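S.K.: After the structure tokens below, expect a handful of questions from me.
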Amino acid sequence: MHAYVLETERLTLRPLTTADAEAEFVWLSDPEVNRFMPYNLYTSVEQAVEWLRSVEACTDEYHFGFVRKEDGLLVGAGSIGPKDGRAYSIDNTWEFGYNLRRDCWNKGYATEATRAMIDFARREFGVKHFYASHAIANPASGRVMEKVGCTFSHFSEYSTFDGKETFPAKVWKLDMED
């Protein structure tokens, strides 16, 4: 687990731990939030604990919990890190993603947190190239990508981890100058 803590105007981005399982379960178990995610809908807090154990052991990407400063509520989570062997797998290209509890949608938290994660990768690791994707049927996620400066690259698709569903997707990229 990394030790980075990032601050924005309204959020603190901090490492996720197993202590976050109940808070994470709020959105991991919400069918509306889960609709376009690759993981299956969570049915128990223990599943969240297991996933968070893997996050704590993760060394190849940076997972952050998005904590609202005004009340300490964990409103979402995201990650950023290199993705060799995936789209845009050129040297030093990183992928990002995010997920928020439904009652925190449309408040700018995803955009604010994503900007902080991109700034972090750029500042700490010199990353200049980023990409992300979303289901075409989830245009709100695409709006976040546009707001952080990404441009549409191409169409693609992704499947759920169990292979039961495949989503047509848009892939976005962000190439930053020095």
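Chains: A, B, ... in order of the structure tokens. Residues: from 1 per chain. Ligands: from 1, in order shown.
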For His129 in chain A, work out the shell of residues within 6 Å, counting only C-alpha atoms and skipping chain neighbours fewer than 5 positions away, then give it as a PyMOL selection string.

M.R.: chain A and resi 93+174-175

S.K.: For N, CA and C atoms, I'd like the residues from the last selection saved as a short mmCIF file (atom, residue, chain, number, x, y, z; two decimals), in the first residue's frame.

M.R.:
data_model
loop_
_atom_site.label_atom_id
_atom_site.label_comp_id
_atom_site.auth_asym_id
_atom_site.auth_seq_id
_atom_site.Cartn_x
_atom_site.Cartn_y
_atom_site.Cartn_z
N THR A 93 2.62 5.40 -20.09
CA THR A 93 1.22 5.78 -20.23
C THR A 93 0.45 5.13 -19.09
N LEU A 174 -5.12 11.58 -22.87
CA LEU A 174 -4.65 12.90 -22.44
C LEU A 174 -3.14 12.88 -22.60
N ASP A 175 -2.63 13.73 -23.48
CA ASP A 175 -1.19 13.87 -23.68
C ASP A 175 -0.81 15.27 -23.25
#

S.K.: Name the residues of range 35-108 of chain A that fall into strand (DSSP E) according to DSSP on the backbone, using the chain letters and numbers of this document, as a PyMOL selection string.

M.R.: chain A and resi 62-68+74-82+93-100

S.K.: Identify, on the basis of only C-alpha atoms, every residue whose closest approach to Glu24 in chain A does not exceed 12 Å; exclude the query and any residue fewer than 3 positions from it along the same chain; express the result as a PyMOL selection string.

M.R.: chain A and resi 16-21+27-30+33+42-52+64-67+73-78+99-102

S.K.: Extract, using only C-alpha atoms, all DNA, RNA and protein residues at most 10 Å from Ser156 in chain A, discarding same-chain residues fewer than 5 positions from it, and format them as a compact mmCIF listing (two decimals) with N, CA and C atoms, in the first residue's frame.

M.R.:
# COMPACT_ATOMS: atom_id res chain seq x y z
N ALA A 87 -4.49 -0.83 -24.17
CA ALA A 87 -4.52 0.28 -25.13
C ALA A 87 -3.54 1.36 -24.71
N SER A 133 -11.36 4.68 -20.24
CA SER A 133 -12.48 4.32 -21.10
C SER A 133 -13.75 4.23 -20.27
N HIS A 134 -14.87 4.26 -20.97
CA HIS A 134 -16.17 4.13 -20.31
C HIS A 134 -17.15 3.52 -21.29
N ALA A 135 -18.19 2.91 -20.76
CA ALA A 135 -19.26 2.39 -21.60
C ALA A 135 -19.94 3.55 -22.31
N ILE A 136 -20.23 3.38 -23.58
CA ILE A 136 -20.91 4.42 -24.34
C ILE A 136 -22.24 4.78 -23.69
N PHE A 167 -19.54 -4.41 -23.14
CA PHE A 167 -20.02 -3.06 -23.34
C PHE A 167 -19.27 -2.37 -24.47
N PRO A 168 -19.96 -1.80 -25.45
CA PRO A 168 -19.29 -0.90 -26.38
C PRO A 168 -18.75 0.28 -25.57
N ALA A 169 -17.56 0.74 -25.91
CA ALA A 169 -16.90 1.75 -25.08
C ALA A 169 -16.23 2.83 -25.91
N LYS A 170 -15.97 3.94 -25.26
CA LYS A 170 -15.15 5.01 -25.81
C LYS A 170 -13.85 5.05 -25.03
N VAL A 171 -12.75 5.23 -25.74
CA VAL A 171 -11.44 5.37 -25.13
C VAL A 171 -10.99 6.82 -25.30

S.K.: Considering only C-alpha atoms, return as a ChimeraX atom specification whatever protein or nucleic-acid residues lie within 8 Å of Pro82 in chain A, sequence-local ones (same chain, fewer than 4 positions apart) excluded.

M.R.: /A:60-61,92-95

S.K.: Just to confirm, what's the straight-line distance from CA of Val148 in chain A to CA of Thr111 in chain A in Å (one decimal)?

M.R.: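 Result for CA of Val148 in chain A versus CA of Thr111 in chain A: 6.4 Å, one decimal.
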
S.K.: Compare A:Leu13, A:Ala3, A:Ala137, A:Val144 by their minimum atom-to-atom distance to Asn106 in chain A, counting only C-alpha atoms, and give me the closest one.

M.R.: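 The shortest atom-to-atom distance to Asn106 in chain A comes from A:Val144.
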
S.K.: If you run DSSP on this backbone, which residues of chain A come out as helix (DSSP H, G or I), and could you give them as a ChimeraX atom specification?

M.R.: /A:18-28,31-34,45-57,102-104,109-125,139-147

S.K.: If you measure from CA of Cys150 in chain A to CA of Glu56 in chain A, what distance in Å do you get, rounded to one decimal?

M.R.: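 The value is 28.8 Å.
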
S.K.: Choose the residue, out of A:Asp162, A:Val55, A:Met117, A:Cys104, that has the smallest atom-to-atom separation from Val26 in chain A; count only C-alpha atoms.

M.R.: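 Among the listed residues, the smallest separation from Val26 in chain A belongs to A:Cys104.
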
S.K.: With only C-alpha atoms as the basis for distance, which of A:Thr59, A:Asn40, A:Ser141, A:Ser153 is at the shortest distance from Gly97 in chain A?

M.R.: A:Ser141
